[in-house]
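Here the structure is laid out as structure tokens; the discussion comes afterwards.
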Amino acid sequence: MADDLGDEWWENKAAGAASSPGASDGEGGGDTEMAQQDTAPGRALSRKIKPPKECFLIQPKETNEDTAKTRKRKKKKITDILAKSEPKPGTPEDLQQLMKDYYSSSRSVIELEELTLPDSCFLKANDLTHSLSSYLKEVCPKWVKLRKNHSEKKSVLMLIICGSAIRALELIRSMTAFKGDSKVMKLFAKHIKVQEQVKLLEKRVVHLGVGTPGRIKELIKQGGLHLNPLKFLIFDWNWRDQKLRRMMDIPEIRKEVFELLEMGILSLCKTESLKLGLF
């Protein structure tokens with residue numbers, strides 16, 4: 001009986017020993033599961049927690065096309081304003097004011113007063129109803145007599161000043177009814193050398209000169225054109241180009257006009273031997 005009990009005890013022992021690996025596996029599995037449970041939340045947190053991304057508001061870049069459109073709009077606005085504005089005829093006061101504005105930064109008050117021209121030196125201004133011929137006939141009714149008595153070379157009786165060579169040609173064509181037998185000379189730089197003009201003025205008597213202030217200035221400097229016989233100086237004042245600019249609206253031409261006036265023309269105006277007209 002004792003032997004049976006002993007045998008049974010050893011069988012149970014052996015069975016326990018045999019089952020111990022499974023138990024150890026179970027315990028090991030439990031440890032693994034616990035380890036996985038411990039590590040899994042950490043991985044999940046590491047996946048979910050990310051550094052916050054900064055958010056920037058990106059404004060659209062201004063393209064060249066947009067800039068060009070803005071510029072075009074501005075140009076159109078200026079042109080529209082000029083186109084809609086009613087044309088006003090130039091007056092002697094306009095010329096006097098332009099002179100003051102031009103010289104105000106470089107002349108004293110006394111010098112500015114000396115530049116002021118008497119009203120008596122101005123001809124009647126064009127009221128925008130005249131052609132060039134009709135205007136000249138009105139302001140120079142004794143032109144035929146003056147022309148016949150003029151025999152001095154290197155001089156003219158009348159100068160008409162405009163902004164370009166093309167405009168000068170237009171004016172010469174439009175004054176046919178007034179000029180009659182008068183000798184007219186083109187006084188601009190385009191396709192004509194200054195020395196050629198000097199020679200022509202030396203050879204023959206010229207009554208009318210039509211041209212740009214820059215070339216007329218150069219002829220005076222070189223002694224090819226004398227101002228003392230000059231009786232009339234007419235500005236192509238009211239005409240506008242394709243950009244709706246008048247001659248005196250262009251800085252380069254305005255500068256040359258005032259430089260020309262200072263080359264003896266202002267002094268002639270003050271003595272009333274020279275008359276100024278705004279066509």
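So you can find residues: chains in the structure tokens are A, B, ... in the order shown, residues in each start at 1, and ligands are numbered from 1 in order.
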Can you list, as a list in words, every protein, DNA or RNA residue that comes within 12 Å of Asp181 (chain A) when you count only C-alpha atoms, leaving out same-chain residues fewer than 3 positions away?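 Counting only the stated atoms, we get Trp143, Val144, Lys145, Arg147, Lys148, Met175, Thr176, Ala177, Phe178, Val184, Val206, His207 and Leu208 of chain A.
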Next, write the just-selected residues to a file, as a PDB file, in the first residue's frame, keeping N, CA and C atoms as the atom set.
```
ATOM      1  N   TRP A 143       1.581 143.098 -93.514  1.00  0.00           N
ATOM      2  CA  TRP A 143       2.662 142.168 -93.846  1.00  0.00           C
ATOM      3  C   TRP A 143       3.233 142.407 -95.253  1.00  0.00           C
ATOM      4  N   VAL A 144       2.390 142.658 -96.219  1.00  0.00           N
ATOM      5  CA  VAL A 144       2.853 142.835 -97.603  1.00  0.00           C
ATOM      6  C   VAL A 144       3.834 144.005 -97.688  1.00  0.00           C
ATOM      7  N   LYS A 145       3.520 145.107 -97.026  1.00  0.00           N
ATOM      8  CA  LYS A 145       4.404 146.279 -97.036  1.00  0.00           C
ATOM      9  C   LYS A 145       5.726 145.975 -96.347  1.00  0.00           C
ATOM     10  N   ARG A 147       7.151 143.067 -95.991  1.00  0.00           N
ATOM     11  CA  ARG A 147       7.905 142.111 -96.807  1.00  0.00           C
ATOM     12  C   ARG A 147       8.635 142.804 -97.951  1.00  0.00           C
ATOM     13  N   LYS A 148       7.966 143.753 -98.570  1.00  0.00           N
ATOM     14  CA  LYS A 148       8.583 144.447 -99.703  1.00  0.00           C
ATOM     15  C   LYS A 148       9.769 145.305 -99.267  1.00  0.00           C
ATOM     16  N   MET A 175      -0.046 127.843 -94.386  1.00  0.00           N
ATOM     17  CA  MET A 175       0.022 129.300 -94.420  1.00  0.00           C
ATOM     18  C   MET A 175       0.148 129.845 -95.841  1.00  0.00           C
ATOM     19  N   THR A 176      -0.227 129.053 -96.830  1.00  0.00           N
ATOM     20  CA  THR A 176      -0.105 129.454 -98.235  1.00  0.00           C
ATOM     21  C   THR A 176      -0.869 130.738 -98.531  1.00  0.00           C
ATOM     22  N   ALA A 177      -2.063 130.867 -97.979  1.00  0.00           N
ATOM     23  CA  ALA A 177      -2.892 132.047 -98.253  1.00  0.00           C
ATOM     24  C   ALA A 177      -2.278 133.312 -97.683  1.00  0.00           C
ATOM     25  N   PHE A 178      -1.472 133.209 -96.669  1.00  0.00           N
ATOM     26  CA  PHE A 178      -0.868 134.392 -96.051  1.00  0.00           C
ATOM     27  C   PHE A 178       0.472 134.759 -96.668  1.00  0.00           C
ATOM     28  N   VAL A 184      10.105 131.560 -97.603  1.00  0.00           N
ATOM     29  CA  VAL A 184       9.993 130.826 -96.334  1.00  0.00           C
ATOM     30  C   VAL A 184      11.152 129.837 -96.221  1.00  0.00           C
ATOM     31  N   VAL A 206      15.298 136.206 -96.770  1.00  0.00           N
ATOM     32  CA  VAL A 206      14.240 135.323 -96.268  1.00  0.00           C
ATOM     33  C   VAL A 206      13.278 136.152 -95.409  1.00  0.00           C
ATOM     34  N   HIS A 207      12.008 135.966 -95.634  1.00  0.00           N
ATOM     35  CA  HIS A 207      11.002 136.731 -94.885  1.00  0.00           C
ATOM     36  C   HIS A 207      10.447 135.971 -93.686  1.00  0.00           C
ATOM     37  N   LEU A 208      10.259 134.667 -93.876  1.00  0.00           N
ATOM     38  CA  LEU A 208       9.619 133.833 -92.849  1.00  0.00           C
ATOM     39  C   LEU A 208      10.498 132.643 -92.499  1.00  0.00           C
TER      40      LEU A 208
END
```
Within 8 Å of Ser164 (chain A) using only C-alpha atoms, minus same-chain residues under 6 positions, as an MDAnalysis selection string: chainID A and resid 188 211:212
Near-Arg245 (chain A) list (12 Å; only C-alpha atoms; drop same-chain fewer than 2 positions) as a PDB file with N, CA, C and O atoms, in the first residue's frame:
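Wrote out_15.pdb, looks like this:
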```pdb
ATOM      1  N   ILE A  78      -4.829 109.300 -67.365  1.00  0.00           N
ATOM      2  CA  ILE A  78      -4.280 110.602 -67.721  1.00  0.00           C
ATOM      3  C   ILE A  78      -4.795 111.038 -69.087  1.00  0.00           C
ATOM      4  O   ILE A  78      -5.216 112.169 -69.284  1.00  0.00           O
ATOM      5  N   THR A  79      -4.754 110.096 -70.028  1.00  0.00           N
ATOM      6  CA  THR A  79      -5.222 110.410 -71.380  1.00  0.00           C
ATOM      7  C   THR A  79      -6.709 110.742 -71.375  1.00  0.00           C
ATOM      8  O   THR A  79      -7.147 111.656 -72.081  1.00  0.00           O
ATOM      9  N   LEU A  82      -7.216 114.283 -70.102  1.00  0.00           N
ATOM     10  CA  LEU A  82      -6.860 115.282 -71.104  1.00  0.00           C
ATOM     11  C   LEU A  82      -7.858 115.307 -72.251  1.00  0.00           C
ATOM     12  O   LEU A  82      -8.168 116.359 -72.798  1.00  0.00           O
ATOM     13  N   ALA A  83      -8.341 114.121 -72.624  1.00  0.00           N
ATOM     14  CA  ALA A  83      -9.280 114.044 -73.749  1.00  0.00           C
ATOM     15  C   ALA A  83     -10.622 114.675 -73.391  1.00  0.00           C
ATOM     16  O   ALA A  83     -11.272 115.298 -74.236  1.00  0.00           O
ATOM     17  N   PRO A  87     -10.470 122.116 -74.498  1.00  0.00           N
ATOM     18  CA  PRO A  87      -9.273 122.891 -74.851  1.00  0.00           C
ATOM     19  C   PRO A  87      -9.498 124.376 -74.612  1.00  0.00           C
ATOM     20  O   PRO A  87     -10.531 124.933 -74.987  1.00  0.00           O
ATOM     21  N   GLY A 163       7.093 122.523 -82.152  1.00  0.00           N
ATOM     22  CA  GLY A 163       7.765 121.479 -81.390  1.00  0.00           C
ATOM     23  C   GLY A 163       8.518 120.434 -82.177  1.00  0.00           C
ATOM     24  O   GLY A 163       9.322 119.700 -81.615  1.00  0.00           O
ATOM     25  N   TRP A 237       1.233 127.495 -80.012  1.00  0.00           N
ATOM     26  CA  TRP A 237       0.950 127.276 -78.590  1.00  0.00           C
ATOM     27  C   TRP A 237      -0.139 126.241 -78.329  1.00  0.00           C
ATOM     28  O   TRP A 237      -0.028 125.419 -77.421  1.00  0.00           O
ATOM     29  N   ASN A 238      -1.221 126.272 -79.071  1.00  0.00           N
ATOM     30  CA  ASN A 238      -2.412 125.478 -78.731  1.00  0.00           C
ATOM     31  C   ASN A 238      -2.459 124.089 -79.349  1.00  0.00           C
ATOM     32  O   ASN A 238      -3.276 123.268 -78.941  1.00  0.00           O
ATOM     33  N   TRP A 239      -1.609 123.825 -80.327  1.00  0.00           N
ATOM     34  CA  TRP A 239      -1.656 122.524 -81.005  1.00  0.00           C
ATOM     35  C   TRP A 239      -1.202 121.415 -80.068  1.00  0.00           C
ATOM     36  O   TRP A 239      -0.267 121.585 -79.275  1.00  0.00           O
ATOM     37  N   ARG A 240      -1.860 120.247 -80.156  1.00  0.00           N
ATOM     38  CA  ARG A 240      -1.520 119.100 -79.305  1.00  0.00           C
ATOM     39  C   ARG A 240      -1.116 117.912 -80.167  1.00  0.00           C
ATOM     40  O   ARG A 240      -1.677 117.678 -81.231  1.00  0.00           O
ATOM     41  N   ASP A 241      -0.146 117.136 -79.661  1.00  0.00           N
ATOM     42  CA  ASP A 241       0.314 115.955 -80.390  1.00  0.00           C
ATOM     43  C   ASP A 241      -0.573 114.752 -80.069  1.00  0.00           C
ATOM     44  O   ASP A 241      -1.640 114.903 -79.448  1.00  0.00           O
ATOM     45  N   GLN A 242      -0.138 113.557 -80.457  1.00  0.00           N
ATOM     46  CA  GLN A 242      -0.954 112.351 -80.239  1.00  0.00           C
ATOM     47  C   GLN A 242      -1.162 112.055 -78.758  1.00  0.00           C
ATOM     48  O   GLN A 242      -2.156 111.428 -78.379  1.00  0.00           O
ATOM     49  N   LYS A 243      -0.223 112.504 -77.925  1.00  0.00           N
ATOM     50  CA  LYS A 243      -0.361 112.314 -76.477  1.00  0.00           C
ATOM     51  C   LYS A 243      -1.060 113.494 -75.809  1.00  0.00           C
ATOM     52  O   LYS A 243      -1.046 113.616 -74.588  1.00  0.00           O
ATOM     53  N   MET A 247       3.172 122.133 -77.070  1.00  0.00           N
ATOM     54  CA  MET A 247       4.611 122.333 -77.206  1.00  0.00           C
ATOM     55  C   MET A 247       5.260 122.644 -75.860  1.00  0.00           C
ATOM     56  O   MET A 247       6.295 122.072 -75.500  1.00  0.00           O
ATOM     57  N   MET A 248       4.659 123.511 -75.083  1.00  0.00           N
ATOM     58  CA  MET A 248       5.243 123.932 -73.804  1.00  0.00           C
ATOM     59  C   MET A 248       5.000 122.938 -72.683  1.00  0.00           C
ATOM     60  O   MET A 248       5.458 123.148 -71.562  1.00  0.00           O
ATOM     61  N   ASP A 249       4.286 121.854 -72.969  1.00  0.00           N
ATOM     62  CA  ASP A 249       4.112 120.790 -71.975  1.00  0.00           C
ATOM     63  C   ASP A 249       5.307 119.838 -71.954  1.00  0.00           C
ATOM     64  O   ASP A 249       5.456 119.063 -71.011  1.00  0.00           O
ATOM     65  N   ILE A 250       6.146 119.895 -72.974  1.00  0.00           N
ATOM     66  CA  ILE A 250       7.299 118.998 -73.084  1.00  0.00           C
ATOM     67  C   ILE A 250       8.514 119.688 -72.471  1.00  0.00           C
ATOM     68  O   ILE A 250       8.926 120.759 -72.943  1.00  0.00           O
ATOM     69  N   PRO A 251       9.089 119.139 -71.390  1.00  0.00           N
ATOM     70  CA  PRO A 251      10.165 119.833 -70.662  1.00  0.00           C
ATOM     71  C   PRO A 251      11.349 120.247 -71.532  1.00  0.00           C
ATOM     72  O   PRO A 251      11.874 121.354 -71.377  1.00  0.00           O
ATOM     73  N   ILE A 253      11.513 120.927 -74.766  1.00  0.00           N
ATOM     74  CA  ILE A 253      11.182 122.046 -75.659  1.00  0.00           C
ATOM     75  C   ILE A 253      10.983 123.327 -74.849  1.00  0.00           C
ATOM     76  O   ILE A 253      11.422 124.415 -75.259  1.00  0.00           O
ATOM     77  N   ARG A 254      10.324 123.214 -73.700  1.00  0.00           N
ATOM     78  CA  ARG A 254      10.113 124.394 -72.849  1.00  0.00           C
ATOM     79  C   ARG A 254      11.445 125.016 -72.446  1.00  0.00           C
ATOM     80  O   ARG A 254      11.610 126.242 -72.473  1.00  0.00           O
TER      81      ARG A 254
END
```
Within 9 Å of Leu128 (chain A), counting only C-alpha atoms, which residues show up once you throw out same-chain ones fewer than 3 positions away? Write them as number ranges by chain, please. A: 87-89, 125, 131, 238, 279
Using the selection just defined, write its residues with all heavy atoms as a CSV table (one decimal), in the first residue's frame.
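The resulting file, part.csv, is shown below:
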```csv
chain,number,residue,atom,x,y,z
A,87,PRO,N,-10.5,122.1,-74.5
A,87,PRO,CA,-9.3,122.9,-74.9
A,87,PRO,C,-9.5,124.4,-74.6
A,87,PRO,O,-10.5,124.9,-75.0
A,87,PRO,CB,-9.1,122.6,-76.3
A,87,PRO,CG,-10.4,122.2,-76.8
A,87,PRO,CD,-11.1,121.5,-75.7
A,88,LYS,N,-8.5,125.0,-74.0
A,88,LYS,CA,-8.6,126.4,-73.7
A,88,LYS,C,-7.5,127.1,-74.4
A,88,LYS,O,-6.3,126.7,-74.4
A,88,LYS,CB,-8.5,126.7,-72.2
A,88,LYS,CG,-9.6,126.1,-71.4
A,88,LYS,CD,-9.4,126.4,-69.9
A,88,LYS,CE,-10.6,125.9,-69.1
A,88,LYS,NZ,-10.4,126.1,-67.6
A,89,PRO,N,-7.8,128.2,-75.1
A,89,PRO,CA,-6.7,128.9,-75.8
A,89,PRO,C,-5.7,129.5,-74.9
A,89,PRO,O,-6.0,130.0,-73.8
A,89,PRO,CB,-7.5,130.0,-76.6
A,89,PRO,CG,-8.8,130.2,-75.8
A,89,PRO,CD,-9.1,128.9,-75.2
A,125,ALA,N,-4.2,136.8,-79.0
A,125,ALA,CA,-4.0,135.3,-79.0
A,125,ALA,C,-5.1,134.7,-79.8
A,125,ALA,O,-6.2,135.2,-80.0
A,125,ALA,CB,-4.1,134.8,-77.6
A,131,SER,N,-7.4,129.5,-88.6
A,131,SER,CA,-6.3,128.8,-89.2
A,131,SER,C,-5.1,129.6,-89.1
A,131,SER,O,-5.2,130.8,-88.7
A,131,SER,CB,-6.6,128.5,-90.7
A,131,SER,OG,-6.7,129.8,-91.4
A,238,ASN,N,-1.2,126.3,-79.1
A,238,ASN,CA,-2.4,125.5,-78.7
A,238,ASN,C,-2.5,124.1,-79.3
A,238,ASN,O,-3.3,123.3,-78.9
A,238,ASN,CB,-3.7,126.2,-79.2
A,238,ASN,CG,-3.8,127.5,-78.4
A,238,ASN,OD1,-3.9,127.6,-77.2
A,238,ASN,ND2,-3.9,128.7,-79.2
A,279,PHE,N,-0.4,131.2,-81.2
A,279,PHE,CA,-1.4,130.7,-82.1
A,279,PHE,C,-2.0,129.4,-81.6
A,279,PHE,O,-1.3,128.5,-81.1
A,279,PHE,CB,-0.7,130.4,-83.5
A,279,PHE,CG,-1.5,129.6,-84.4
A,279,PHE,CD1,-2.7,130.1,-85.0
A,279,PHE,CD2,-1.2,128.3,-84.7
A,279,PHE,CE1,-3.5,129.4,-85.8
A,279,PHE,CE2,-2.0,127.5,-85.6
A,279,PHE,CZ,-3.2,128.1,-86.1
```
If you count only C-alpha atoms, which residues fall within 8 Å of region 102-118 of chain A, apart from same-chain ones fewer than 5 positions away, as a PDB file with N, CA, C and O atoms, in the first residue's frame?
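Result file follows (result.pdb):
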```pdb
ATOM      1  N   GLN A  96       3.683 134.128 -69.195  1.00  0.00           N
ATOM      2  CA  GLN A  96       4.316 134.811 -68.060  1.00  0.00           C
ATOM      3  C   GLN A  96       4.422 133.882 -66.850  1.00  0.00           C
ATOM      4  O   GLN A  96       5.457 133.849 -66.162  1.00  0.00           O
ATOM      5  N   LEU A 266      13.817 138.798 -75.347  1.00  0.00           N
ATOM      6  CA  LEU A 266      13.132 139.504 -74.257  1.00  0.00           C
ATOM      7  C   LEU A 266      13.437 141.003 -74.287  1.00  0.00           C
ATOM      8  O   LEU A 266      12.545 141.831 -74.068  1.00  0.00           O
ATOM      9  N   CYS A 269      11.453 142.626 -76.967  1.00  0.00           N
ATOM     10  CA  CYS A 269      10.046 142.753 -76.571  1.00  0.00           C
ATOM     11  C   CYS A 269       9.839 143.970 -75.666  1.00  0.00           C
ATOM     12  O   CYS A 269       8.824 144.678 -75.777  1.00  0.00           O
ATOM     13  N   LYS A 270      10.777 144.206 -74.806  1.00  0.00           N
ATOM     14  CA  LYS A 270      10.639 145.334 -73.877  1.00  0.00           C
ATOM     15  C   LYS A 270      10.748 146.676 -74.584  1.00  0.00           C
ATOM     16  O   LYS A 270      10.179 147.676 -74.138  1.00  0.00           O
TER      17      LYS A 270
END
```
Counting only C-alpha atoms, which residue out of A:Ser182, A:Ile161, A:Thr91, A:Lys124 sits closest to Glu138 (chain A)?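 Ranked by minimum distance to Glu138 (chain A), first place goes to A:Lys124.
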Output as a ChimeraX atom specification all residues of region 107-175 of chain A that backbone DSSP marks as strand (DSSP E). /A:158-161
Record the distance separating CA of Lys203 (chain A) and CA of Lys153 (chain A), expressed in Å with one decimal.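 Going from CA of Lys203 (chain A) over to CA of Lys153 (chain A) covers 7.2 Å.
Of the residues under consideration (A:Gly264, A:Gly180, A:Gly277, A:Gly90), A:Gly277 shows the shortest atom-to-atom contact distance to Leu159 (chain A) when counting only C-alpha atoms.
Closest approach to Arg215 (chain A) among A:Ala165, A:Leu201, A:Ile172, A:Leu261: A:Ala165, based on only C-alpha atoms.
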Using DSSP on the backbone coordinates, identify the residues of region 140-240 of chain A assigned to alpha helix (DSSP H); present them as a PyMOL selection string. chain A and resi 143-149+165-174+176-179+194-203+213-221
Just to confirm, what's the straight-line distance from CA of Ala168 (chain A) to CA of Leu187 (chain A) in Å (one decimal)?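 Between CA of Ala168 (chain A) and CA of Leu187 (chain A) the gap is 8.5 Å.
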Restricting the calculation to only C-alpha atoms: of A:Leu278, A:Ser174, A:Ser273, A:Lys255, which residue gets closest to Asp101 (chain A)?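 Looking at the shortest contact to Asp101 (chain A), the residue is A:Lys255.
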I'd like the interatomic distance between CA of Gln222 (chain A) and CA of Leu169 (chain A), to a tenth of an Å.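 Atom-to-atom, CA of Gln222 (chain A) and CA of Leu169 (chain A) are spaced 23.9 Å apart.
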Distance query Leu171 (chain A) at most 9 Å, only C-alpha atoms, self and fewer than 6 positions along chain excluded, as a PDB file with all heavy atoms, in the first residue's frame:
```
ATOM      1  N   LEU A 132      -3.912 129.094 -89.439  1.00  0.00           N
ATOM      2  CA  LEU A 132      -2.691 129.882 -89.297  1.00  0.00           C
ATOM      3  C   LEU A 132      -2.722 131.100 -90.220  1.00  0.00           C
ATOM      4  O   LEU A 132      -2.359 132.212 -89.818  1.00  0.00           O
ATOM      5  CB  LEU A 132      -1.471 129.019 -89.594  1.00  0.00           C
ATOM      6  CG  LEU A 132      -0.112 129.720 -89.460  1.00  0.00           C
ATOM      7  CD1 LEU A 132       0.075 130.291 -88.058  1.00  0.00           C
ATOM      8  CD2 LEU A 132       1.026 128.754 -89.793  1.00  0.00           C
ATOM      9  N   ILE A 160       8.197 131.509 -86.670  1.00  0.00           N
ATOM     10  CA  ILE A 160       7.135 130.678 -86.109  1.00  0.00           C
ATOM     11  C   ILE A 160       7.802 129.475 -85.464  1.00  0.00           C
ATOM     12  O   ILE A 160       8.497 128.703 -86.135  1.00  0.00           O
ATOM     13  CB  ILE A 160       6.141 130.237 -87.195  1.00  0.00           C
ATOM     14  CG1 ILE A 160       5.504 131.470 -87.850  1.00  0.00           C
ATOM     15  CG2 ILE A 160       5.062 129.328 -86.599  1.00  0.00           C
ATOM     16  CD1 ILE A 160       4.573 131.146 -88.997  1.00  0.00           C
ATOM     17  N   CYS A 162       7.701 125.939 -83.361  1.00  0.00           N
ATOM     18  CA  CYS A 162       6.868 124.766 -83.068  1.00  0.00           C
ATOM     19  C   CYS A 162       7.722 123.669 -82.444  1.00  0.00           C
ATOM     20  O   CYS A 162       8.925 123.842 -82.247  1.00  0.00           O
ATOM     21  CB  CYS A 162       6.175 124.276 -84.336  1.00  0.00           C
ATOM     22  SG  CYS A 162       7.316 123.868 -85.662  1.00  0.00           S
ATOM     23  N   VAL A 210      10.307 129.043 -90.173  1.00  0.00           N
ATOM     24  CA  VAL A 210       9.457 128.140 -89.385  1.00  0.00           C
ATOM     25  C   VAL A 210      10.324 126.979 -88.902  1.00  0.00           C
ATOM     26  O   VAL A 210      10.939 126.274 -89.720  1.00  0.00           O
ATOM     27  CB  VAL A 210       8.275 127.595 -90.217  1.00  0.00           C
ATOM     28  CG1 VAL A 210       7.362 126.743 -89.337  1.00  0.00           C
ATOM     29  CG2 VAL A 210       7.507 128.725 -90.868  1.00  0.00           C
ATOM     30  N   ASP A 236       3.536 128.213 -81.718  1.00  0.00           N
ATOM     31  CA  ASP A 236       2.486 127.233 -82.048  1.00  0.00           C
ATOM     32  C   ASP A 236       1.950 126.671 -80.726  1.00  0.00           C
ATOM     33  O   ASP A 236       2.160 125.513 -80.377  1.00  0.00           O
ATOM     34  CB  ASP A 236       3.092 126.134 -82.924  1.00  0.00           C
ATOM     35  CG  ASP A 236       2.059 125.137 -83.404  1.00  0.00           C
ATOM     36  OD1 ASP A 236       0.882 125.520 -83.572  1.00  0.00           O
ATOM     37  OD2 ASP A 236       2.422 123.961 -83.609  1.00  0.00           O
TER      38      ASP A 236
END
```
